[in-house]
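Below is one structure, written out as structure tokens, with a few remarks after it.
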Amino acid sequence: MSPDHPPRTCAEDLASRSDDRLAELLVRRPDLASPPPRGTGVLAQRSLAAASISLAGEDLDLLTVAVVEAFLDVSAGSRNHGLLGPVSRDDIVARLGRRARRPDVDARLALLSDRALIWPSGSSTGKKATSWVAGIHLSSALPWRTPHLITPIATTEPDEISSRIDGLDDRPRELLTTLANGHALGRSRDAAPDADPAAPVPRLIASDLLSRVDEQTVELPPQVGQILRGEPPLATTSLKLPELSGTPSRFDAATVDAAGAGEALEFLRHTGDVLDALSEAPAAVLRAGGMGVRELRRLAKTTGLSTTRVGLLVELAAAGHLIDAGVPESIDVLSGDDVFAPTTSSDTWLHYEPGRRWAHLAQCWLDLPRRPWQIGETDRDGAIIGALAPTAYDHAAPLARRTILTPLTEVEPAIGVSVEALASLLGWRHPRQLRRFTVRLVGETLREATDLGLVAHGALTAAGRALLAVPPFDEDDPDGGDRGDLVDVMTAALPEPIDYFLVQADFTVTAPGPLTPELAERLALVADLESGGAASVYRVTEDGIRRALDTGRTAAELTALFTQHSKTPVPQSLTYLIDDVARRHGQLRVGVASSFVRCDDEATLTAVLRSSAAADVSLRALAPTVAVSAAPLRDVIERLRAAGFAPAGEDSSGTLIDLRSRGVRVPTRTRRAPLPARRGRIGPGQAATVVGRMRVADRAEGPVSTATSTGSGETTSALIHLALQTGRRLRIGYVDAHGGASRHVVKARSLAAGQLVAVEETGGEDLRFALHRITRVELL
């Protein structure tokens, strides 16, 4: 393009766009709309700023980055009126070669144009653009400082790069390793073109393992860094979108969903175990906040789970307000210090149906601004990362989870995807996040999703797809998203509860599926869980039977429980065990004196008084059938049971007392947990409003018409009256009381008492303009 015909400016291109295209631009680049720009000229200035272009570059995939690199390479040294270009489409295609298809390049050029990073050099009305121009800060959209997708390293196979690295001496390899594990940019005096070619840095530059930024700065190509870190390298020899084709599983979609549901049931059971453990023995709060690794190990030993799983359970329970730090609401805990214990809301949550509890924990995990898999590791300062630690807050974690799991929705159900293939696809789609989406991050995220039943056999379950369909929580729209559908999908994925079990001769009870809540509660009262899962195994013991009898159940009721719900005949030995424990249960009665012991059988009470338990609790006889103790009721019963007796607790009226511990509870806080910080965004409605205001501002800055009056004399009043009569719009210049000048396009409503009352084109409240402050009036 000749100097006499300068290329089209960004402001001209934006002004010629339709309102819908401008609104879409603001949605894609929300930073341009804050604060609302006054006209398309201001919008163009913002869109050309380096900081704004850098933000826009975060959403560019690898092929788009390659198109930007080719554009910059072709336009090098061809600035025209402060702009880069014009650059033709054919030049970009030729620069990329056969690594990219022409339709894909055209699509990327259209995308860059829609986001105002480049624009047609001339008017493209009625025809397709063939050349493009851009601002001088276009390079800010790149994820690196120098080109890496149009250089020789981009067409080198990964095996060849590995061979070059293996052939290096210790010093050059050490330099590359340092850059691979740290920042990719390095400073060196040997980076200049005239440096000693035998030095390590010039040798690395000559072998394409380093790129020169300037005479003192070098940059490590991302492909080299990934190979050194053991990551799957970018496939730059072909810039086509890699297919996420997994391996067809030997299981069908129904089996994958069933496996996920089984994992979810286990996760719910383990959550209950952790709540019970914290209820019996609350965890201490560290001075710096959070729960220490020592407490996690204690919980792991109590529940029989791994420390990693306990850390995940604790994080999700805290995010779901099932546990919290506070002063316990229990007389058993005399300390006034804060501890981690179940909240009062946890009792309500435990009575929800499994599908609702699953959906609650899954939503908490997806939006959790932390990384539970990092618990137990050390941070940059060498400190061990604990659970719920304030320093472990990561606002980008929720977005990273959604980004990692979203590609799995594009694969057919029951198609397992490997961690390496998923990491490679994420690197292609988000080249700026190469250091973030590592194989470990992807693998740990999939592991946690598998624990929650959202992924099974490497494939996304139906519950996982339903969870990703729910939009993220928005404080401006707390009711947004239909979470009821998520509960329905998860409830349907879980197996139907059953109301029967199988009793074996060895006092074990097998439940071949999840029991109904009522039956599960009754069975857990009399039997202890030995193994959970899709098929749970319980064992009936004397302690379990005694526990049930303490709650007021009778031997007949316990026998009826097994007779009515067992699909197998109830062994006679189990009936004998229940009757034997019930016959001995309650012969001894312990009450409050502080505690008293009464027994109708004098010989039994005499044996109690002669036992070591009597001395431990200072038991003394008041009568042949009554003894008293200063020890608490629970301590007396525990001591007597440890000595081989079978006492039962009673109150002052003789009624049996349920001795089960209710556990420790802390108040449920009403405050909302801190929401993850998110990049500002606007909706289509807000964008349309901003576009409308920009159009008004553009008209306010338009050319002066012939029907114009300056000052505040009679001509000004006459033009206003004419506008009132004809309904025509006015463009007025106005100076406020602070000396600020502005221009407005308005529709007059009235003129009285030296004031013009008008409303702007976009609507809103009436505006009042003092007549003596109006500097210009134009009739449009």
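By order of appearance in the structure tokens: chains A, B, ..., then residues from 1 within every chain, and ligands from 1 in the order shown.
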_What's around A:Asp580 at 12 Å? Count only C-alpha atoms, leave out sequence neighbours fewer than 2 positions away in its own chain, and write the answer as a PyMOL selection string._
chain A and resi 541-542+545-546+555+573-578+582-586+646
*May I have all residues of stretch 327-413 of chain A that DSSP, computed from the backbone, assigns to strand (DSSP E or B), given as a ChimeraX atom specification?*
/A:339-343,378,384,387
*A:Ala383: which residues within 12 Å, counting only C-alpha atoms, same-chain residues fewer than 5 positions away excluded, as a PyMOL selection string?*
chain A and resi 288+292-293+375-378+389+391-392
Dump as a compact mmCIF listing (two decimals), in the first residue's frame, selection limited to C-alpha atoms:
```
# COMPACT_ATOMS: atom_id res chain seq x y z
CA ALA A 288 -0.93 -20.10 61.37
CA GLY A 292 -1.45 -29.96 60.49
CA VAL A 293 -0.13 -33.08 58.79
CA ILE A 375 -1.00 -31.48 51.15
CA GLY A 376 2.14 -32.80 52.80
CA GLU A 377 4.48 -31.30 50.21
CA THR A 378 6.76 -28.33 50.85
CA ALA A 389 -3.95 -23.63 55.32
CA THR A 391 -1.29 -19.94 52.36
CA ALA A 392 -2.49 -22.79 50.10
```
*With only C-alpha atoms as the atoms that count, which of A:Arg99, A:Arg693, A:Arg436, A:Arg768 lies nearest to A:Leu22?*
A:Arg693
*asked:* Considering only helix (DSSP H, G or I) as DSSP defines it on the backbone, what residues of stretch 197-388 of chain A qualify? List them as a ChimeraX atom specification.
replied: /A:200-206,222-228,253-280,293-303,307-319,344-350,354-366,372-374
Residue neighbourhood A:Ile153, 12 Å, only C-alpha atoms, exclusion window fewer than 6 positions, as a PDB file with all heavy atoms, in the first residue's frame:
```pdb
ATOM      1  N   PRO A 147      10.045 -15.912  18.491  1.00  0.00           N
ATOM      2  CA  PRO A 147       9.272 -16.940  17.763  1.00  0.00           C
ATOM      3  C   PRO A 147       9.847 -18.336  18.006  1.00  0.00           C
ATOM      4  O   PRO A 147      11.064 -18.529  18.009  1.00  0.00           O
ATOM      5  CB  PRO A 147       9.419 -16.521  16.298  1.00  0.00           C
ATOM      6  CG  PRO A 147       9.832 -15.088  16.331  1.00  0.00           C
ATOM      7  CD  PRO A 147      10.632 -14.916  17.581  1.00  0.00           C
ATOM      8  N   ASP A 159      12.463 -36.591  18.889  1.00  0.00           N
ATOM      9  CA  ASP A 159      13.592 -37.513  19.059  1.00  0.00           C
ATOM     10  C   ASP A 159      14.908 -36.844  18.680  1.00  0.00           C
ATOM     11  O   ASP A 159      15.943 -37.063  19.332  1.00  0.00           O
ATOM     12  CB  ASP A 159      13.381 -38.765  18.204  1.00  0.00           C
ATOM     13  CG  ASP A 159      12.205 -39.595  18.695  1.00  0.00           C
ATOM     14  OD1 ASP A 159      11.807 -39.416  19.866  1.00  0.00           O
ATOM     15  OD2 ASP A 159      11.676 -40.396  17.898  1.00  0.00           O
ATOM     16  N   GLU A 160      14.883 -36.020  17.636  1.00  0.00           N
ATOM     17  CA  GLU A 160      16.091 -35.312  17.228  1.00  0.00           C
ATOM     18  C   GLU A 160      16.503 -34.294  18.300  1.00  0.00           C
ATOM     19  O   GLU A 160      17.694 -34.132  18.594  1.00  0.00           O
ATOM     20  CB  GLU A 160      15.850 -34.614  15.890  1.00  0.00           C
ATOM     21  CG  GLU A 160      16.993 -33.717  15.428  1.00  0.00           C
ATOM     22  CD  GLU A 160      18.295 -34.473  15.190  1.00  0.00           C
ATOM     23  OE1 GLU A 160      18.238 -35.700  14.943  1.00  0.00           O
ATOM     24  OE2 GLU A 160      19.366 -33.848  15.254  1.00  0.00           O
ATOM     25  N   ILE A 161      15.526 -33.603  18.886  1.00  0.00           N
ATOM     26  CA  ILE A 161      15.843 -32.649  19.960  1.00  0.00           C
ATOM     27  C   ILE A 161      16.456 -33.377  21.143  1.00  0.00           C
ATOM     28  O   ILE A 161      17.451 -32.912  21.742  1.00  0.00           O
ATOM     29  CB  ILE A 161      14.574 -31.881  20.380  1.00  0.00           C
ATOM     30  CG1 ILE A 161      14.013 -31.084  19.209  1.00  0.00           C
ATOM     31  CG2 ILE A 161      14.863 -30.955  21.560  1.00  0.00           C
ATOM     32  CD1 ILE A 161      12.718 -30.366  19.517  1.00  0.00           C
ATOM     33  N   SER A 162      15.901 -34.535  21.501  1.00  0.00           N
ATOM     34  CA  SER A 162      16.461 -35.315  22.611  1.00  0.00           C
ATOM     35  C   SER A 162      17.891 -35.749  22.305  1.00  0.00           C
ATOM     36  O   SER A 162      18.759 -35.742  23.197  1.00  0.00           O
ATOM     37  CB  SER A 162      15.576 -36.533  22.874  1.00  0.00           C
ATOM     38  OG  SER A 162      14.269 -36.146  23.235  1.00  0.00           O
ATOM     39  N   ARG A 164      20.052 -34.172  20.422  1.00  0.00           N
ATOM     40  CA  ARG A 164      20.927 -33.003  20.567  1.00  0.00           C
ATOM     41  C   ARG A 164      21.209 -32.720  22.045  1.00  0.00           C
ATOM     42  O   ARG A 164      22.334 -32.375  22.423  1.00  0.00           O
ATOM     43  CB  ARG A 164      20.290 -31.782  19.921  1.00  0.00           C
ATOM     44  CG  ARG A 164      20.122 -31.876  18.415  1.00  0.00           C
ATOM     45  CD  ARG A 164      19.511 -30.599  17.859  1.00  0.00           C
ATOM     46  NE  ARG A 164      19.167 -30.728  16.457  1.00  0.00           N
ATOM     47  CZ  ARG A 164      18.621 -29.752  15.726  1.00  0.00           C
ATOM     48  NH1 ARG A 164      18.376 -28.569  16.283  1.00  0.00           N
ATOM     49  NH2 ARG A 164      18.323 -29.957  14.454  1.00  0.00           N
ATOM     50  N   LEU A 204      24.693 -23.356  22.047  1.00  0.00           N
ATOM     51  CA  LEU A 204      23.287 -23.737  22.199  1.00  0.00           C
ATOM     52  C   LEU A 204      22.402 -22.974  21.213  1.00  0.00           C
ATOM     53  O   LEU A 204      21.431 -23.522  20.681  1.00  0.00           O
ATOM     54  CB  LEU A 204      22.834 -23.480  23.638  1.00  0.00           C
ATOM     55  CG  LEU A 204      23.452 -24.390  24.710  1.00  0.00           C
ATOM     56  CD1 LEU A 204      23.048 -23.921  26.109  1.00  0.00           C
ATOM     57  CD2 LEU A 204      23.004 -25.834  24.503  1.00  0.00           C
ATOM     58  N   ILE A 205      22.739 -21.707  20.970  1.00  0.00           N
ATOM     59  CA  ILE A 205      21.971 -20.930  19.990  1.00  0.00           C
ATOM     60  C   ILE A 205      22.170 -21.498  18.587  1.00  0.00           C
ATOM     61  O   ILE A 205      21.218 -21.614  17.800  1.00  0.00           O
ATOM     62  CB  ILE A 205      22.390 -19.450  20.051  1.00  0.00           C
ATOM     63  CG1 ILE A 205      21.993 -18.839  21.408  1.00  0.00           C
ATOM     64  CG2 ILE A 205      21.745 -18.673  18.911  1.00  0.00           C
ATOM     65  CD1 ILE A 205      22.456 -17.401  21.587  1.00  0.00           C
ATOM     66  N   ALA A 206      23.397 -21.898  18.276  1.00  0.00           N
ATOM     67  CA  ALA A 206      23.680 -22.442  16.951  1.00  0.00           C
ATOM     68  C   ALA A 206      22.977 -23.774  16.718  1.00  0.00           C
ATOM     69  O   ALA A 206      22.607 -24.104  15.583  1.00  0.00           O
ATOM     70  CB  ALA A 206      25.196 -22.611  16.774  1.00  0.00           C
ATOM     71  N   SER A 207      22.756 -24.542  17.791  1.00  0.00           N
ATOM     72  CA  SER A 207      22.071 -25.832  17.657  1.00  0.00           C
ATOM     73  C   SER A 207      20.562 -25.706  17.847  1.00  0.00           C
ATOM     74  O   SER A 207      19.868 -26.719  17.978  1.00  0.00           O
ATOM     75  CB  SER A 207      22.628 -26.833  18.678  1.00  0.00           C
ATOM     76  OG  SER A 207      22.439 -26.340  20.003  1.00  0.00           O
ATOM     77  N   ASP A 208      20.055 -24.460  17.897  1.00  0.00           N
ATOM     78  CA  ASP A 208      18.620 -24.175  18.014  1.00  0.00           C
ATOM     79  C   ASP A 208      18.028 -24.611  19.349  1.00  0.00           C
ATOM     80  O   ASP A 208      16.811 -24.707  19.486  1.00  0.00           O
ATOM     81  CB  ASP A 208      17.815 -24.836  16.882  1.00  0.00           C
ATOM     82  CG  ASP A 208      18.216 -24.291  15.521  1.00  0.00           C
ATOM     83  OD1 ASP A 208      18.493 -23.085  15.439  1.00  0.00           O
ATOM     84  OD2 ASP A 208      18.244 -25.079  14.556  1.00  0.00           O
ATOM     85  N   LEU A 209      18.863 -24.880  20.341  1.00  0.00           N
ATOM     86  CA  LEU A 209      18.356 -25.234  21.664  1.00  0.00           C
ATOM     87  C   LEU A 209      18.134 -24.003  22.533  1.00  0.00           C
ATOM     88  O   LEU A 209      17.573 -24.109  23.626  1.00  0.00           O
ATOM     89  CB  LEU A 209      19.331 -26.198  22.360  1.00  0.00           C
ATOM     90  CG  LEU A 209      19.519 -27.551  21.659  1.00  0.00           C
ATOM     91  CD1 LEU A 209      20.517 -28.408  22.414  1.00  0.00           C
ATOM     92  CD2 LEU A 209      18.182 -28.278  21.512  1.00  0.00           C
ATOM     93  N   LEU A 210      18.576 -22.853  22.085  1.00  0.00           N
ATOM     94  CA  LEU A 210      18.317 -21.570  22.733  1.00  0.00           C
ATOM     95  C   LEU A 210      17.963 -20.562  21.653  1.00  0.00           C
ATOM     96  O   LEU A 210      18.413 -20.683  20.502  1.00  0.00           O
ATOM     97  CB  LEU A 210      19.536 -21.072  23.530  1.00  0.00           C
ATOM     98  CG  LEU A 210      19.710 -21.532  24.985  1.00  0.00           C
ATOM     99  CD1 LEU A 210      20.918 -20.858  25.605  1.00  0.00           C
ATOM    100  CD2 LEU A 210      18.473 -21.265  25.814  1.00  0.00           C
ATOM    101  N   SER A 211      17.176 -19.558  22.008  1.00  0.00           N
ATOM    102  CA  SER A 211      16.822 -18.475  21.080  1.00  0.00           C
ATOM    103  C   SER A 211      17.340 -17.164  21.637  1.00  0.00           C
ATOM    104  O   SER A 211      17.271 -16.911  22.847  1.00  0.00           O
ATOM    105  CB  SER A 211      15.290 -18.403  20.885  1.00  0.00           C
ATOM    106  OG  SER A 211      14.794 -19.582  20.303  1.00  0.00           O
ATOM    107  N   LEU A 220      14.602 -20.155  26.372  1.00  0.00           N
ATOM    108  CA  LEU A 220      14.558 -21.586  26.112  1.00  0.00           C
ATOM    109  C   LEU A 220      13.300 -21.918  25.321  1.00  0.00           C
ATOM    110  O   LEU A 220      12.191 -21.582  25.756  1.00  0.00           O
ATOM    111  CB  LEU A 220      14.562 -22.356  27.436  1.00  0.00           C
ATOM    112  CG  LEU A 220      14.588 -23.876  27.339  1.00  0.00           C
ATOM    113  CD1 LEU A 220      15.946 -24.354  26.852  1.00  0.00           C
ATOM    114  CD2 LEU A 220      14.249 -24.509  28.693  1.00  0.00           C
ATOM    115  N   PRO A 221      13.406 -22.562  24.172  1.00  0.00           N
ATOM    116  CA  PRO A 221      12.199 -22.964  23.434  1.00  0.00           C
ATOM    117  C   PRO A 221      11.335 -23.898  24.275  1.00  0.00           C
ATOM    118  O   PRO A 221      11.851 -24.735  25.030  1.00  0.00           O
ATOM    119  CB  PRO A 221      12.754 -23.676  22.193  1.00  0.00           C
ATOM    120  CG  PRO A 221      14.128 -23.125  22.024  1.00  0.00           C
ATOM    121  CD  PRO A 221      14.636 -22.871  23.416  1.00  0.00           C
ATOM    122  N   PRO A 222      10.025 -23.770  24.190  1.00  0.00           N
ATOM    123  CA  PRO A 222       9.156 -24.595  25.050  1.00  0.00           C
ATOM    124  C   PRO A 222       9.313 -26.088  24.791  1.00  0.00           C
ATOM    125  O   PRO A 222       9.205 -26.889  25.725  1.00  0.00           O
ATOM    126  CB  PRO A 222       7.745 -24.109  24.690  1.00  0.00           C
ATOM    127  CG  PRO A 222       7.881 -23.451  23.356  1.00  0.00           C
ATOM    128  CD  PRO A 222       9.248 -22.867  23.322  1.00  0.00           C
ATOM    129  N   GLN A 223       9.580 -26.476  23.523  1.00  0.00           N
ATOM    130  CA  GLN A 223       9.743 -27.896  23.242  1.00  0.00           C
ATOM    131  C   GLN A 223      10.939 -28.476  23.996  1.00  0.00           C
ATOM    132  O   GLN A 223      10.869 -29.583  24.539  1.00  0.00           O
ATOM    133  CB  GLN A 223       9.929 -28.122  21.736  1.00  0.00           C
ATOM    134  CG  GLN A 223       8.827 -27.528  20.864  1.00  0.00           C
ATOM    135  CD  GLN A 223       9.178 -26.133  20.362  1.00  0.00           C
ATOM    136  OE1 GLN A 223       9.681 -25.310  21.117  1.00  0.00           O
ATOM    137  NE2 GLN A 223       8.911 -25.884  19.085  1.00  0.00           N
ATOM    138  N   VAL A 224      12.040 -27.718  24.045  1.00  0.00           N
ATOM    139  CA  VAL A 224      13.241 -28.192  24.738  1.00  0.00           C
ATOM    140  C   VAL A 224      12.973 -28.295  26.237  1.00  0.00           C
ATOM    141  O   VAL A 224      13.356 -29.272  26.897  1.00  0.00           O
ATOM    142  CB  VAL A 224      14.418 -27.246  24.449  1.00  0.00           C
ATOM    143  CG1 VAL A 224      15.672 -27.713  25.185  1.00  0.00           C
ATOM    144  CG2 VAL A 224      14.679 -27.160  22.950  1.00  0.00           C
ATOM    145  N   PRO A 233       6.270 -33.274  24.617  1.00  0.00           N
ATOM    146  CA  PRO A 233       6.559 -32.013  23.935  1.00  0.00           C
ATOM    147  C   PRO A 233       5.449 -31.609  22.978  1.00  0.00           C
ATOM    148  O   PRO A 233       4.660 -32.437  22.516  1.00  0.00           O
ATOM    149  CB  PRO A 233       7.857 -32.304  23.179  1.00  0.00           C
ATOM    150  CG  PRO A 233       7.828 -33.776  22.943  1.00  0.00           C
ATOM    151  CD  PRO A 233       7.111 -34.373  24.128  1.00  0.00           C
ATOM    152  N   LEU A 234       5.404 -30.304  22.682  1.00  0.00           N
ATOM    153  CA  LEU A 234       4.449 -29.792  21.705  1.00  0.00           C
ATOM    154  C   LEU A 234       4.721 -30.407  20.336  1.00  0.00           C
ATOM    155  O   LEU A 234       5.869 -30.501  19.900  1.00  0.00           O
ATOM    156  CB  LEU A 234       4.566 -28.270  21.598  1.00  0.00           C
ATOM    157  CG  LEU A 234       3.955 -27.436  22.724  1.00  0.00           C
ATOM    158  CD1 LEU A 234       4.325 -25.965  22.525  1.00  0.00           C
ATOM    159  CD2 LEU A 234       2.446 -27.595  22.757  1.00  0.00           C
ATOM    160  N   ALA A 235       3.652 -30.796  19.667  1.00  0.00           N
ATOM    161  CA  ALA A 235       3.781 -31.357  18.312  1.00  0.00           C
ATOM    162  C   ALA A 235       3.774 -30.203  17.325  1.00  0.00           C
ATOM    163  O   ALA A 235       2.749 -29.875  16.724  1.00  0.00           O
ATOM    164  CB  ALA A 235       2.652 -32.336  18.032  1.00  0.00           C
ATOM    165  N   THR A 236       4.935 -29.556  17.151  1.00  0.00           N
ATOM    166  CA  THR A 236       5.018 -28.380  16.285  1.00  0.00           C
ATOM    167  C   THR A 236       5.351 -28.726  14.844  1.00  0.00           C
ATOM    168  O   THR A 236       5.308 -27.856  13.978  1.00  0.00           O
ATOM    169  CB  THR A 236       6.082 -27.415  16.826  1.00  0.00           C
ATOM    170  OG1 THR A 236       7.327 -28.115  16.963  1.00  0.00           O
ATOM    171  CG2 THR A 236       5.665 -26.864  18.175  1.00  0.00           C
ATOM    172  N   THR A 237       5.711 -29.982  14.573  1.00  0.00           N
ATOM    173  CA  THR A 237       5.974 -30.348  13.179  1.00  0.00           C
ATOM    174  C   THR A 237       4.686 -30.324  12.362  1.00  0.00           C
ATOM    175  O   THR A 237       4.719 -30.206  11.144  1.00  0.00           O
ATOM    176  CB  THR A 237       6.610 -31.743  13.107  1.00  0.00           C
ATOM    177  OG1 THR A 237       5.768 -32.681  13.794  1.00  0.00           O
ATOM    178  CG2 THR A 237       7.986 -31.732  13.764  1.00  0.00           C
TER     179      THR A 237
END
```
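Taking atom CA of A:Ser88 and atom CA of A:Ile150 as the two end points, the separation is 17.0 Å.
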*Between A:Leu515, A:Ala116, A:Leu142, A:Val74, single out the one closest to A:Pro431, counting only C-alpha atoms.*
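Closest residue, counting only C-alpha atoms: A:Leu142.
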*Smallest atom-to-atom distance to A:Pro193: which of A:Arg665, A:Arg212, A:Arg370, A:Arg440, using only C-alpha atoms?*
A:Arg212
